[in-house]
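input14.txt follows; it contains compact mmCIF, C-alpha atoms.
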```
# COMPACT_ATOMS: atom_id res chain seq x y z
CA MET A 1 0.00 0.00 0.00
CA LYS A 2 1.33 3.43 -0.92
CA TYR A 3 -0.13 6.89 -0.80
CA ILE A 4 -0.91 9.18 -3.67
CA TYR A 5 2.26 11.25 -3.48
CA PHE A 6 4.52 8.23 -3.44
CA TYR A 7 4.37 7.12 -7.06
CA CYS A 8 6.93 6.18 -9.63
CA ILE A 9 6.46 4.84 -13.13
CA ALA A 10 6.22 1.08 -13.17
CA THR A 11 7.35 -1.27 -15.88
CA LEU A 12 4.90 -4.15 -15.99
CA VAL A 13 6.34 -7.51 -16.90
CA PHE A 14 4.14 -10.50 -17.39
CA LEU A 15 4.72 -14.15 -16.69
CA THR A 16 3.03 -16.29 -19.25
CA ASN A 17 5.17 -19.40 -19.21
CA CYS A 18 3.63 -21.67 -16.55
CA LYS A 19 4.87 -25.10 -15.62
CA LYS A 20 3.77 -27.89 -13.36
CA ASN A 21 5.83 -28.15 -10.20
CA ILE A 22 7.73 -31.43 -10.11
CA GLU A 23 7.39 -31.66 -6.31
CA VAL A 24 3.84 -32.95 -5.81
CA SER A 25 2.65 -34.09 -2.39
CA PRO A 26 0.29 -37.07 -2.14
CA SER A 27 -2.66 -34.80 -1.28
CA ASP A 28 -2.00 -31.74 -3.46
CA VAL A 29 -1.27 -30.87 -7.06
CA ASN A 30 1.05 -27.87 -7.31
CA TYR A 31 1.54 -25.45 -10.18
CA GLN A 32 3.93 -22.51 -10.45
CA THR A 33 4.90 -19.82 -12.92
CA ALA A 34 8.34 -19.18 -14.34
CA GLY A 35 10.54 -16.99 -12.14
CA GLN A 36 10.93 -13.25 -12.53
CA SER A 37 14.07 -11.44 -11.37
CA LEU A 38 14.04 -9.57 -8.07
CA GLY A 39 17.21 -8.38 -6.34
CA ASN A 40 19.76 -11.16 -6.60
CA GLY A 41 17.06 -13.81 -6.78
CA GLN A 42 13.62 -14.41 -8.24
CA VAL A 43 9.93 -14.41 -7.42
CA TYR A 44 7.19 -16.64 -8.79
CA THR A 45 3.54 -17.32 -8.07
CA TRP A 46 1.97 -20.70 -7.48
CA ALA A 47 -1.30 -22.45 -6.68
CA THR A 48 -2.12 -25.77 -5.05
CA PHE A 49 -5.18 -27.92 -5.66
CA SER A 50 -6.61 -30.98 -4.00
CA THR A 51 -6.77 -34.15 -6.05
CA ASP A 52 -10.44 -33.39 -6.81
CA ASN A 53 -9.34 -30.09 -8.42
CA LYS A 54 -10.42 -27.71 -5.65
CA PRO A 55 -8.03 -24.81 -4.88
CA ASN A 56 -6.22 -25.00 -1.54
CA ALA A 57 -3.82 -22.06 -1.59
CA VAL A 58 -2.16 -19.41 -3.76
CA GLY A 59 0.96 -17.44 -3.08
CA ILE A 60 4.27 -15.91 -4.02
CA THR A 61 7.73 -17.34 -3.37
CA PHE A 62 10.85 -15.21 -2.90
CA THR A 63 13.95 -17.25 -3.69
CA LYS A 64 17.35 -16.91 -2.04
CA GLY A 65 18.85 -13.50 -2.81
CA ALA A 66 15.56 -11.81 -3.71
CA PHE A 67 15.92 -9.35 -0.80
CA GLU A 68 19.48 -8.41 -1.71
CA ASN A 69 20.50 -5.51 -3.96
CA LEU A 70 17.02 -3.98 -4.12
CA SER A 71 17.17 -0.67 -5.97
CA HIS A 72 16.37 2.49 -4.00
CA THR A 73 16.34 4.74 -7.05
CA SER A 74 13.92 2.56 -9.03
CA PRO A 75 12.13 0.29 -6.55
CA PRO A 76 10.87 -2.98 -8.04
CA LYS A 77 7.27 -2.99 -9.26
CA LEU A 78 6.24 -6.28 -10.80
CA VAL A 79 3.06 -7.78 -12.20
CA LEU A 80 2.82 -11.56 -11.99
CA THR A 81 0.11 -13.77 -13.40
CA PHE A 82 -1.05 -16.91 -11.65
CA PRO A 83 -0.53 -20.37 -13.17
CA SER A 84 -2.79 -20.98 -16.15
CA GLU A 85 -4.18 -24.08 -14.41
CA ALA A 86 -5.55 -21.82 -11.63
CA GLN A 87 -7.11 -19.12 -13.76
CA GLY A 88 -10.87 -19.06 -13.45
CA LYS A 89 -10.73 -21.36 -10.40
CA ILE A 90 -9.46 -18.79 -7.90
CA PRO A 91 -10.86 -15.29 -7.30
CA PHE A 92 -7.54 -13.60 -8.13
CA ASP A 93 -6.60 -12.33 -11.58
CA HIS A 94 -3.00 -11.25 -11.01
CA LEU A 95 -0.51 -10.18 -8.35
CA TYR A 96 1.02 -6.69 -8.15
CA LEU A 97 4.21 -6.57 -6.09
CA ASP A 98 6.08 -3.42 -5.16
CA PHE A 99 8.86 -2.55 -2.73
CA ALA A 100 8.63 0.67 -0.71
CA HIS A 101 12.31 1.16 0.18
CA ALA A 102 11.55 4.04 2.56
CA GLY A 103 8.03 2.99 3.45
CA HIS A 104 5.24 5.53 3.11
CA ALA A 105 2.84 7.67 5.09
CA PRO A 106 1.57 7.93 7.72
CA ALA A 107 4.86 8.83 9.40
CA GLY A 108 5.69 6.62 12.33
CA VAL A 109 3.40 3.82 11.10
CA TYR A 110 4.35 2.44 7.67
CA ASP A 111 7.55 4.41 7.03
CA THR A 112 9.86 1.41 7.10
CA PRO A 113 11.08 -0.68 4.12
CA HIS A 114 8.39 -3.18 3.15
CA PHE A 115 6.69 -5.09 0.37
CA ASP A 116 3.10 -4.50 -0.76
CA ILE A 117 1.77 -7.80 -2.08
CA HIS A 118 -1.56 -7.15 -3.85
CA PHE A 119 -3.64 -10.17 -4.86
CA PHE A 120 -6.01 -8.45 -7.31
CA ILE A 121 -9.56 -9.64 -7.92
CA GLN A 122 -9.87 -6.97 -10.61
CA SER A 123 -8.64 -7.66 -14.11
CA LEU A 124 -5.39 -6.00 -15.13
CA ALA A 125 -7.18 -3.76 -17.64
CA GLU A 126 -9.64 -2.56 -14.98
CA ARG A 127 -6.85 -1.88 -12.52
CA LEU A 128 -4.73 0.06 -14.98
CA ALA A 129 -7.73 2.25 -15.81
CA ILE A 130 -7.96 3.58 -12.23
CA PRO A 131 -6.85 7.24 -12.39
CA ALA A 132 -4.96 9.29 -9.83
CA TYR A 133 -7.16 10.58 -7.04
CA ASP A 134 -8.23 14.22 -7.36
CA ILE A 135 -11.36 16.34 -7.23
CA ASN A 136 -12.36 15.27 -10.74
CA THR A 137 -11.91 11.53 -10.22
CA SER A 138 -12.85 11.11 -6.56
CA ALA A 139 -16.44 9.94 -7.14
CA LYS A 140 -15.50 6.35 -8.01
CA PHE A 141 -13.02 6.18 -5.13
CA GLU A 142 -15.72 7.42 -2.75
CA ASN A 143 -18.23 4.88 -4.07
CA PHE A 144 -17.65 2.30 -1.33
CA PRO A 145 -18.99 -1.25 -1.36
CA ASP A 146 -21.75 -2.10 1.07
CA MET A 147 -20.06 -2.45 4.48
CA ALA A 148 -21.15 -6.10 4.62
CA TYR A 149 -18.52 -6.81 1.95
CA LEU A 150 -15.77 -5.36 4.16
CA PRO A 151 -14.19 -7.12 7.14
CA ARG A 152 -15.36 -5.91 10.53
CA ASP A 153 -13.41 -3.03 12.14
CA TYR A 154 -11.71 -2.03 8.89
CA ILE A 155 -11.34 1.70 8.21
CA ARG A 156 -10.70 3.57 5.02
CA VAL A 157 -7.31 5.19 4.33
CA PRO A 158 -7.88 8.77 3.05
CA GLU A 159 -8.06 9.46 -0.66
CA GLY A 160 -6.90 6.69 -3.03
CA GLU A 161 -4.22 5.60 -5.45
CA ALA A 162 -3.83 5.34 -9.19
CA GLN A 163 -3.97 1.76 -10.50
CA MET A 164 -4.99 0.53 -7.03
CA GLY A 165 -8.01 2.32 -5.57
CA VAL A 166 -8.91 2.74 -1.89
CA HIS A 167 -7.06 0.91 0.87
CA TRP A 168 -8.78 -0.32 4.03
CA VAL A 169 -6.83 -1.25 7.17
CA TYR A 170 -7.68 -3.03 10.42
CA SER A 171 -8.34 -0.34 13.00
CA LYS A 172 -7.10 -2.58 15.84
CA ALA A 173 -3.84 -3.61 14.16
CA PRO A 174 -0.75 -3.24 16.40
CA GLU A 175 0.75 -0.44 14.28
CA LEU A 176 -2.44 1.61 14.70
CA THR A 177 -2.72 1.05 18.44
CA GLY A 178 0.76 2.03 19.61
CA GLY A 179 2.67 -1.04 18.46
CA LYS A 180 5.21 -1.68 15.74
CA PHE A 181 4.47 -2.50 12.12
CA THR A 182 5.90 -5.84 10.99
CA GLU A 183 3.04 -7.20 8.87
CA THR A 184 -0.62 -6.39 8.35
CA PHE A 185 -3.51 -7.39 6.13
CA VAL A 186 -5.11 -4.75 3.88
CA VAL A 187 -8.08 -4.94 1.51
CA GLY A 188 -8.98 -2.68 -1.42
CA SER A 189 -12.02 -1.28 -3.18
CA TYR A 190 -12.92 0.87 -6.16
CA ASP A 191 -16.21 2.03 -7.65
CA GLY A 192 -18.41 -0.02 -5.35
CA LYS A 193 -16.45 -3.29 -5.57
CA MET A 194 -13.85 -5.09 -3.50
CA THR A 195 -10.69 -5.30 -5.59
CA PHE A 196 -7.73 -6.84 -3.74
CA PHE A 197 -6.31 -8.64 -0.70
CA GLU A 198 -2.92 -7.38 0.44
CA PRO A 199 -0.43 -8.78 2.92
CA MET A 200 1.94 -5.90 3.67
CA VAL A 201 5.24 -7.15 5.14
CA THR A 202 8.42 -5.43 6.30
CA LEU A 203 11.75 -6.35 4.77
CA ASP A 204 13.10 -7.03 8.26
CA LEU A 205 10.42 -9.62 8.93
CA LEU A 206 10.94 -11.33 5.58
CA GLN A 207 14.67 -11.62 6.34
CA SER A 208 14.14 -12.97 9.87
CA LYS A 209 13.17 -16.57 8.97
CA PRO A 210 9.48 -15.86 9.63
CA ASN A 211 6.93 -18.44 10.70
CA ILE A 212 3.60 -16.61 10.85
CA SER A 213 0.10 -17.87 10.11
CA LYS A 214 -3.04 -15.84 10.84
CA SER A 215 -6.73 -15.89 10.08
CA ILE A 216 -7.87 -13.51 7.35
CA PRO A 217 -10.57 -11.08 8.54
CA LEU A 218 -13.65 -12.00 6.55
CA PRO A 219 -16.69 -9.96 5.53
CA SER A 220 -20.20 -11.17 6.21
CA LYS A 221 -20.98 -11.25 2.46
CA PHE A 222 -19.16 -12.01 -0.77
CA ALA A 223 -20.19 -10.30 -3.99
CA LYS A 224 -19.25 -13.33 -6.07
CA ALA A 225 -19.35 -16.99 -5.09
CA GLY A 226 -16.02 -18.77 -5.19
CA TYR A 227 -13.11 -20.20 -3.22
CA TYR A 228 -11.66 -17.61 -0.83
CA PRO A 229 -8.75 -17.96 1.61
CA MET A 230 -9.35 -18.24 5.35
CA LYS A 231 -5.71 -17.75 6.42
CA TYR A 232 -2.51 -16.07 5.27
CA SER A 233 1.03 -17.04 6.15
CA ILE A 234 4.57 -15.68 5.90
CA LYS A 235 7.08 -18.50 6.27
CA GLN A 236 10.65 -19.51 5.63
CA ASP A 237 10.83 -22.59 3.40
CA GLY A 238 14.42 -23.75 3.06
CA ASP A 239 16.28 -20.91 1.34
CA ASN A 240 13.00 -19.35 0.18
CA VAL A 241 10.34 -17.17 1.82
CA VAL A 242 6.71 -17.86 0.98
CA VAL A 243 3.73 -15.51 1.41
CA SER A 244 0.48 -17.36 0.85
CA LEU A 245 -3.30 -17.20 1.10
CA GLU A 246 -4.45 -20.57 2.38
CA GLU A 247 -7.33 -22.84 3.41
CA MET A 248 -9.55 -21.75 0.54
CA MET A 249 -13.23 -22.45 1.09
CA LEU A 250 -16.25 -22.11 -1.15
CA MET A 251 -18.16 -18.99 -0.13
CA GLN A 252 -21.61 -18.16 -1.46
```
Any chance you could give the structure as structure tokens?
Amino acid sequence: MKYIYFYCIATLVFLTNCKKNIEVSPSDVNYQTAGQSLGNGQVYTWATFSTDNKPNAVGITFTKGAFENLSHTSPPKLVLTFPSEAQGKIPFDHLYLDFAHAGHAPAGVYDTPHFDIHFFIQSLAERLAIPAYDINTSAKFENFPDMAYLPRDYIRVPEGEAQMGVHWVYSKAPELTGGKFTETFVVGSYDGKMTFFEPMVTLDLLQSKPNISKSIPLPSKFAKAGYYPMKYSIKQDGDNVVVSLEEMMLMQ
């Protein structure tokens, strides 16, 4: 998540070459995309399915070296597709990853180096059409979904962002109640619709061999039936770090 005055021009690179992961557990079928360069390593997305073809989890893997040599003058901004085998079976269209090397506003809350990991429900074309927030474009930003589609105790961040929309944060999160920001879960909206899920994670936490798993705050209603994640995790996996949305369940 970044605020309206913290933009830079992004080069969007797509991953279209998907392959089946050769490491398949007895209970899951795993698919992953080809890697994309980040720092001195790579990132790739993946999805796991049960043997009866129901989605279990989706996520992004940071390989060894991915957190090294991150540019401060041109912070990484990447667009990653999900494996072709998962498209149409999960609610997410693509993943938008960016690195805020100095964090962003508000001061004293999110102004530490971190990654914004947006799992977008919106299509890429719809997302790219979102303009910068100003007096002439604010109407669609201010058109909020019915509150039943938002998790309980989430509050709106002022204004909005080009190619993202409005960000909503948990009002009782540690960083908003006197604690320190290490990771948090954000959701997004634009023009009356929910548009993304976003784990936001500090670089320090990602480099600390994390082992975190938390429940995702859920709304009381879903605008579209489908398989949605009940948990998110941030975990070390060998030399890699994995951020995932897990325990997907069919919601009506």
Å distance separating atom CA of A:Tyr31 from atom CA of A:Lys221, one decimal place: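 Separation of atom CA of A:Tyr31 and atom CA of A:Lys221: 29.5 Å.
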A:Pro199 environment, 6 Å, all atoms listed in the file, sequence neighbours closer than 6 positions dropped, as an MDAnalysis selection string: chainID A and resid 117 184:185
Residues near A:Asp153, anyone? I mean within 12 Å using only C-alpha atoms, not counting same-chain ones fewer than 6 positions away, as a PyMOL selection string. chain A and resi 147+168-173+186+217-219
Expressed in Å to a single decimal, how great is the separation between atom CA of A:Pro131 and atom CA of A:Thr112?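 Computing it gives 26.3 Å between the two atoms.
Across the model, the gap from atom CA of A:Leu245 to atom CA of A:Val43 is 16.0 Å.
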Kindly provide, as a PyMOL selection string, the polymer residues lying within 10 Å of (-12.6, 1.8, -5.5), counting all atoms listed in the file and using the coordinates exactly as they appear in the file. chain A and resi 127+130+138-145+160-161+163-167+188-195
Could you check the closest approach to A:Ile60 for each of A:Asp237, A:Asp134, A:Glu85, A:Glu247 and tell me which residue wins, using only C-alpha atoms? A:Asp237
Taking into account all atoms listed in the file, which residue in the set A:Leu97, A:Ala57, A:Leu78, A:Leu176 is nearest to A:Val201?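 Checking each of A:Leu97, A:Ala57, A:Leu78, A:Leu176 against A:Val201, counting all atoms listed in the file, the winner is A:Leu97.
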Considering only C-alpha atoms, state which residue in the set A:Leu80, A:Leu70, A:Val109, A:Gly88 is at the smallest distance from A:Pro174.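 Distance minimum relative to A:Pro174 lands on A:Val109.
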With all atoms listed in the file as the counted atoms, please give the residues lying no more than 12 Å from A:Asp116, apart from itself and same-chain residues fewer than 2 positions off, as a PyMOL selection string. chain A and resi 1-3+60+75-79+95-101+103-104+110+112-114+118-120+164+167+183-187+196-203+243
Name the closest residue to A:Tyr228 among the candidates A:Ala86, A:Met251, A:Ala125, A:Val242; distances are taken between atoms, counting only C-alpha atoms.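 Of A:Ala86, A:Met251, A:Ala125, A:Val242, the one nearest A:Tyr228, counting only C-alpha atoms, is A:Met251.
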Which of these residues is nearest to A:Ser74, using all atoms listed in the file: A:Lys54, A:Gly39, A:Pro151, A:Ala105? A:Gly39
Pick out the closest residue to A:Phe181 from this set: A:Asp111, A:Gln87, A:Ile216, A:Val58. Count all atoms listed in the file. A:Asp111
Please provide as a PyMOL selection string all residues within 12 Å of A:Met249, with the sequence filter that same-chain residues fewer than 6 positions apart are discarded (counting all atoms listed in the file). chain A and resi 49-50+54-57+89-91+218+225-231
Please return as a tab-separated table (two decimals) with C-alpha atoms, in the frame of the given file every residue within 9 Å of (15.5, -8.3, 0.3), taking into account only C-alpha atoms and the file's own coordinates.
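Just written: result.tsv:
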```
chain	number	residue	atom	x	y	z
A	38	LEU	CA	14.04	-9.57	-8.07
A	39	GLY	CA	17.21	-8.38	-6.34
A	40	ASN	CA	19.76	-11.16	-6.60
A	62	PHE	CA	10.85	-15.21	-2.90
A	65	GLY	CA	18.85	-13.50	-2.81
A	66	ALA	CA	15.56	-11.81	-3.71
A	67	PHE	CA	15.92	-9.35	-0.80
A	68	GLU	CA	19.48	-8.41	-1.71
A	69	ASN	CA	20.50	-5.51	-3.96
A	70	LEU	CA	17.02	-3.98	-4.12
A	203	LEU	CA	11.75	-6.35	4.77
A	204	ASP	CA	13.10	-7.03	8.26
A	206	LEU	CA	10.94	-11.33	5.58
A	207	GLN	CA	14.67	-11.62	6.34
```
Can you rebuild stretch 53-77 of chain A with N, CA and C atoms and give it as an mmCIF file, keeping the file's coordinate frame?
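Dumped everything to result-v6.cif:
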```cif
data_model
loop_
_atom_site.group_PDB
_atom_site.id
_atom_site.type_symbol
_atom_site.label_atom_id
_atom_site.label_comp_id
_atom_site.auth_asym_id
_atom_site.auth_seq_id
_atom_site.Cartn_x
_atom_site.Cartn_y
_atom_site.Cartn_z
ATOM 1 N N ASN A 53 -9.426 -31.328 -7.648
ATOM 2 C CA ASN A 53 -9.340 -30.090 -8.420
ATOM 3 C C ASN A 53 -9.966 -28.876 -7.719
ATOM 4 N N LYS A 54 -9.964 -28.867 -6.400
ATOM 5 C CA LYS A 54 -10.420 -27.710 -5.650
ATOM 6 C C LYS A 54 -9.200 -26.923 -5.154
ATOM 7 N N PRO A 55 -9.206 -25.592 -5.299
ATOM 8 C CA PRO A 55 -8.030 -24.810 -4.880
ATOM 9 C C PRO A 55 -7.831 -24.845 -3.373
ATOM 10 N N ASN A 56 -6.570 -24.999 -2.968
ATOM 11 C CA ASN A 56 -6.220 -25.000 -1.540
ATOM 12 C C ASN A 56 -5.524 -23.716 -1.116
ATOM 13 N N ALA A 57 -4.620 -23.222 -1.963
ATOM 14 C CA ALA A 57 -3.820 -22.060 -1.590
ATOM 15 C C ALA A 57 -3.226 -21.419 -2.835
ATOM 16 N N VAL A 58 -2.908 -20.134 -2.731
ATOM 17 C CA VAL A 58 -2.160 -19.410 -3.760
ATOM 18 C C VAL A 58 -1.115 -18.571 -3.043
ATOM 19 N N GLY A 59 -0.046 -18.229 -3.754
ATOM 20 C CA GLY A 59 0.960 -17.440 -3.080
ATOM 21 C C GLY A 59 2.091 -17.008 -3.978
ATOM 22 N N ILE A 60 3.068 -16.375 -3.336
ATOM 23 C CA ILE A 60 4.270 -15.910 -4.020
ATOM 24 C C ILE A 60 5.481 -16.404 -3.247
ATOM 25 N N THR A 61 6.489 -16.865 -3.957
ATOM 26 C CA THR A 61 7.730 -17.340 -3.370
ATOM 27 C C THR A 61 8.870 -16.409 -3.734
ATOM 28 N N PHE A 62 9.636 -15.992 -2.719
ATOM 29 C CA PHE A 62 10.850 -15.210 -2.900
ATOM 30 C C PHE A 62 12.027 -16.164 -2.741
ATOM 31 N N THR A 63 12.835 -16.319 -3.777
ATOM 32 C CA THR A 63 13.950 -17.250 -3.690
ATOM 33 C C THR A 63 15.144 -16.596 -2.994
ATOM 34 N N LYS A 64 16.134 -17.405 -2.689
ATOM 35 C CA LYS A 64 17.350 -16.910 -2.040
ATOM 36 C C LYS A 64 17.936 -15.746 -2.837
ATOM 37 N N GLY A 65 18.259 -14.665 -2.169
ATOM 38 C CA GLY A 65 18.850 -13.500 -2.810
ATOM 39 C C GLY A 65 17.861 -12.451 -3.264
ATOM 40 N N ALA A 66 16.564 -12.763 -3.209
ATOM 41 C CA ALA A 66 15.560 -11.810 -3.710
ATOM 42 C C ALA A 66 15.516 -10.523 -2.905
ATOM 43 N N PHE A 67 15.962 -10.554 -1.636
ATOM 44 C CA PHE A 67 15.920 -9.350 -0.800
ATOM 45 C C PHE A 67 17.244 -8.600 -0.798
ATOM 46 N N GLU A 68 18.177 -9.060 -1.615
ATOM 47 C CA GLU A 68 19.480 -8.410 -1.710
ATOM 48 C C GLU A 68 19.545 -7.518 -2.949
ATOM 49 N N ASN A 69 20.263 -6.403 -2.817
ATOM 50 C CA ASN A 69 20.500 -5.510 -3.960
ATOM 51 C C ASN A 69 19.211 -4.957 -4.544
ATOM 52 N N LEU A 70 18.264 -4.608 -3.671
ATOM 53 C CA LEU A 70 17.020 -3.980 -4.120
ATOM 54 C C LEU A 70 17.275 -2.505 -4.392
ATOM 55 N N SER A 71 16.874 -2.044 -5.562
ATOM 56 C CA SER A 71 17.170 -0.670 -5.970
ATOM 57 C C SER A 71 16.372 0.326 -5.142
ATOM 58 N N HIS A 72 17.040 1.396 -4.700
ATOM 59 C CA HIS A 72 16.370 2.490 -4.000
ATOM 60 C C HIS A 72 15.971 3.603 -4.958
ATOM 61 N N THR A 73 16.649 3.684 -6.085
ATOM 62 C CA THR A 73 16.340 4.740 -7.050
ATOM 63 C C THR A 73 15.190 4.346 -7.964
ATOM 64 N N SER A 74 15.024 3.059 -8.208
ATOM 65 C CA SER A 74 13.920 2.560 -9.030
ATOM 66 C C SER A 74 13.373 1.293 -8.382
ATOM 67 N N PRO A 75 12.596 1.464 -7.296
ATOM 68 C CA PRO A 75 12.130 0.290 -6.550
ATOM 69 C C PRO A 75 11.363 -0.688 -7.431
ATOM 70 N N PRO A 76 11.556 -1.984 -7.210
ATOM 71 C CA PRO A 76 10.870 -2.980 -8.040
ATOM 72 C C PRO A 76 9.352 -2.858 -7.982
ATOM 73 N N LYS A 77 8.731 -2.943 -9.138
ATOM 74 C CA LYS A 77 7.270 -2.990 -9.260
ATOM 75 C C LYS A 77 6.981 -4.050 -10.313
#
```
